[in-house]
Amino acid sequence: MRSTRMLAGSAAAALALTMAACGDGGSGGSSGDGGSGDGGGGDTLSKIKDEGVITVGIAGEEPYSFKKDGELTGATIAIHKKVFAELGVDEVKGVQTEWGSLIPGLNAGRFDIISAGMSILPERCEQADFGHPEIMYTTALMTPKGNPEGVNDMHDVADADLKLAVMSGAIESGYADTLGIEKMEVGSPQDGMDAVVQERADAFALTGISLRAMAENNPDAAVEVTEPFTAIVDGKKQVGAGATVFRKDDDKLREAYNKEIDKIVGDEQAFTDVVGEFGFTDAERPKGEITTEQLCAGELPDAEQSEAVPD
């Protein structure tokens, strides 16, 4: 959900206003665990070690975190099972909610962390803390079969004056607002695909890997998925990454988690061993090109002249 991305300069300000209006902007309730007064705040790490269970918030987005035949699965779930087993926590439970309710649910104590591959964005960093990058993202478009409008990226959608389906609270919603695209917000990936199939939207924007998984799992749906692209807004490449999300008071948990996730992300074989079965490859592995701190600050690289699209 996600899957890279934030706007810099004026675009960042515009998107911050957009995302604040969406469901996942607010802090929503208490921190859940109370404070220990040691600079690390709540001690969720001790709690989950004592109980042997961590509860994660998910949005039901395949292939990141979802339920299949009642079982919790997905790439970020696989990561969390591996990481938390190393921390002495053997069971991972999931609470599913809409994307826009994930951060409010976290801060209200409904779950311990967010396991949804959530993109690291400045306004989200104001409401919660992100771990180290663990998944790199590109965007894609789901269109009717044959791609009748010939769209390949967000600028094509804007230039053709089309209606774009986006998930409520997702980064693609902010792209649409900044580029002046007419949008319809949906509550789930399935809703987005349905909007395209039922011709209520001309395209659906989401991370490329999510859309590919949906298309593969719905072979009878009259849709196709474009090649993935890195969105360019106001001359900035919307490079970004997804990470696990923690409450502001959970420094000890976040720091322990980061030590373990670095072992997975830092090695191609270790990364693909954990998430390869869900369609992730070394292309989605962060390689140190951008940090959580940079993404929280909205510091993105300039697009090459050949990539930039005039406003």
# chains A, B, ... in the order shown; residues from 1 in each chain; ligands from 1

call {"tool": "residues_around", "arguments": {"residues": "A:Arg200", "least_positions_apart": "4", "cutoff": "10 Å", "atoms": "only C-alpha atoms", "output": "JSON, numbers by chain"}}
result
{"A": [163, 164, 165, 184, 192, 194, 195, 196]}

call {"tool": "select_by_dssp", "arguments": {"residues": "stretch 224-292 of chain A", "states": "alpha helix (DSSP H)", "output": "list in words"}}
result
Asp251, Lys252, Leu253, Arg254, Glu255, Ala256, Tyr257, Asn258, Lys259, Glu260, Ile261, Asp262, Lys263, Ile264, Val265, Glu268, Gln269, Ala270, Phe271, Thr272, Asp273, Val274, Val275 and Thr292 of chain A

call {"tool": "write_last_selection", "arguments": {"atoms": "C-alpha atoms", "output": "compact mmCIF listing (two decimals), in the first residue's frame"}}
result
# COMPACT_ATOMS: atom_id res chain seq x y z
CA ASP A 251 11.14 3.08 20.30
CA LYS A 252 12.39 -0.14 21.89
CA LEU A 253 10.20 -2.29 19.68
CA ARG A 254 11.11 -0.34 16.54
CA GLU A 255 14.85 -0.45 17.25
CA ALA A 256 14.79 -4.20 17.94
CA TYR A 257 12.79 -4.72 14.76
CA ASN A 258 15.20 -2.63 12.66
CA LYS A 259 18.15 -4.77 13.69
CA GLU A 260 16.39 -7.88 12.43
CA ILE A 261 14.89 -6.43 9.25
CA ASP A 262 18.32 -5.13 8.21
CA LYS A 263 19.59 -8.73 8.18
CA ILE A 264 16.85 -9.70 5.71
CA VAL A 265 16.93 -6.63 3.48
CA GLU A 268 19.39 -10.70 -1.65
CA GLN A 269 19.03 -14.41 -0.89
CA ALA A 270 17.60 -13.80 2.57
CA PHE A 271 15.09 -11.31 1.13
CA THR A 272 13.88 -13.54 -1.69
CA ASP A 273 13.75 -16.56 0.62
CA VAL A 274 11.21 -14.71 2.77
CA VAL A 275 9.08 -12.87 0.20
CA THR A 292 13.31 6.52 6.27

call {"tool": "residues_around", "arguments": {"residues": "A:Thr73", "least_positions_apart": "2", "cutoff": "12 Å", "atoms": "only C-alpha atoms", "output": "JSON, numbers by chain"}}
result
{"A": [56, 58, 59, 60, 61, 62, 63, 64, 65, 66, 67, 68, 69, 70, 71, 75, 76, 77, 78, 79, 80, 81, 92, 93, 94, 115, 116, 274, 275, 277, 278]}

call {"tool": "select_by_dssp", "arguments": {"residues": "stretch 124-242 of chain A", "states": "strand (DSSP E)", "output": "number ranges by chain"}}
result
A: 129-130, 135-136, 139-144, 163-167, 182-186, 203-207, 223-225, 232-233, 236-237, 241-242

call {"tool": "closest_atom_pairs", "arguments": {"of": "stretch 233-253 of chain A", "to": "stretch 128-143 of chain A", "cutoff": "9 Å", "atoms": "only C-alpha atoms", "output": "Markdown table"}}
result
| residue | atom | partner | partner_atom | distance |
| --- | --- | --- | --- | --- |
| A:Gln238 | CA | A:Thr138 | CA | 8.6 |
| A:Val239 | CA | A:Tyr137 | CA | 7.3 |
| A:Gly240 | CA | A:Tyr137 | CA | 6.1 |
| A:Ala241 | CA | A:Met136 | CA | 4.4 |
| A:Gly242 | CA | A:Ile135 | CA | 5.1 |
| A:Ala243 | CA | A:Pro133 | CA | 5.0 |
| A:Thr244 | CA | A:Gly131 | CA | 5.4 |
| A:Val245 | CA | A:Phe130 | CA | 4.6 |
| A:Phe246 | CA | A:Asp129 | CA | 5.1 |
| A:Arg247 | CA | A:Ala128 | CA | 5.2 |
| A:Lys248 | CA | A:Ala128 | CA | 5.1 |
| A:Asp249 | CA | A:Asp129 | CA | 8.6 |
| A:Asp250 | CA | A:Asp129 | CA | 8.3 |
| A:Asp251 | CA | A:Asp129 | CA | 8.5 |

call {"tool": "atom_distance", "arguments": {"atom1": "atom CA of A:Ala303", "atom2": "atom CA of A:Ala231"}}
result
9.7 Å

call {"tool": "residues_around", "arguments": {"residues": "A:Lys145", "least_positions_apart": "5", "cutoff": "6 Å", "atoms": "only C-alpha atoms", "output": "mmCIF file with all heavy atoms, in the first residue's frame"}}
result
data_model
loop_
_atom_site.group_PDB
_atom_site.id
_atom_site.type_symbol
_atom_site.label_atom_id
_atom_site.label_comp_id
_atom_site.auth_asym_id
_atom_site.auth_seq_id
_atom_site.Cartn_x
_atom_site.Cartn_y
_atom_site.Cartn_z
ATOM 1 N N ALA A 222 -12.019 -8.733 -17.231
ATOM 2 C CA ALA A 222 -11.599 -8.101 -18.483
ATOM 3 C C ALA A 222 -10.730 -6.877 -18.195
ATOM 4 O O ALA A 222 -11.089 -5.727 -18.485
ATOM 5 C CB ALA A 222 -12.823 -7.714 -19.304
ATOM 6 N N VAL A 223 -9.569 -7.135 -17.600
ATOM 7 C CA VAL A 223 -8.655 -6.043 -17.246
ATOM 8 C C VAL A 223 -7.236 -6.427 -17.649
ATOM 9 O O VAL A 223 -6.930 -7.586 -17.919
ATOM 10 C CB VAL A 223 -8.682 -5.738 -15.728
ATOM 11 C CG1 VAL A 223 -10.051 -5.249 -15.300
ATOM 12 C CG2 VAL A 223 -8.251 -6.962 -14.915
ATOM 13 N N GLU A 224 -6.366 -5.422 -17.680
ATOM 14 C CA GLU A 224 -4.944 -5.655 -17.844
ATOM 15 C C GLU A 224 -4.188 -4.614 -17.028
ATOM 16 O O GLU A 224 -4.773 -3.628 -16.566
ATOM 17 C CB GLU A 224 -4.525 -5.613 -19.310
ATOM 18 C CG GLU A 224 -4.680 -4.270 -19.999
ATOM 19 C CD GLU A 224 -4.257 -4.355 -21.470
ATOM 20 O OE1 GLU A 224 -4.907 -5.085 -22.248
ATOM 21 O OE2 GLU A 224 -3.267 -3.682 -21.818
#

call {"tool": "residues_around", "arguments": {"residues": "stretch 185-189 of chain A", "least_positions_apart": "4", "cutoff": "10 Å", "atoms": "only C-alpha atoms", "output": "PyMOL selection string"}}
result
chain A and resi 1+22+59-62+97-100+164-170+173+193-195+204-206+210-211+214

call {"tool": "closest_residue", "arguments": {"among": "A:Lys237, A:Lys287, A:Arg212, A:Lys49", "to": "A:Leu300", "atoms": "only C-alpha atoms"}}
result
A:Lys237

call {"tool": "atom_distance", "arguments": {"atom1": "atom CA of A:Gly279", "atom2": "atom CA of A:Ile209"}}
result
7.4 Å

call {"tool": "atom_distance", "arguments": {"atom1": "atom CA of A:Glu149", "atom2": "atom CA of A:Ala215"}}
result
18.6 Å

call {"tool": "closest_residue", "arguments": {"among": "A:Cys125, A:Ala201, A:Leu102, A:Val95", "to": "A:Ile181", "atoms": "only C-alpha atoms"}}
result
A:Ala201
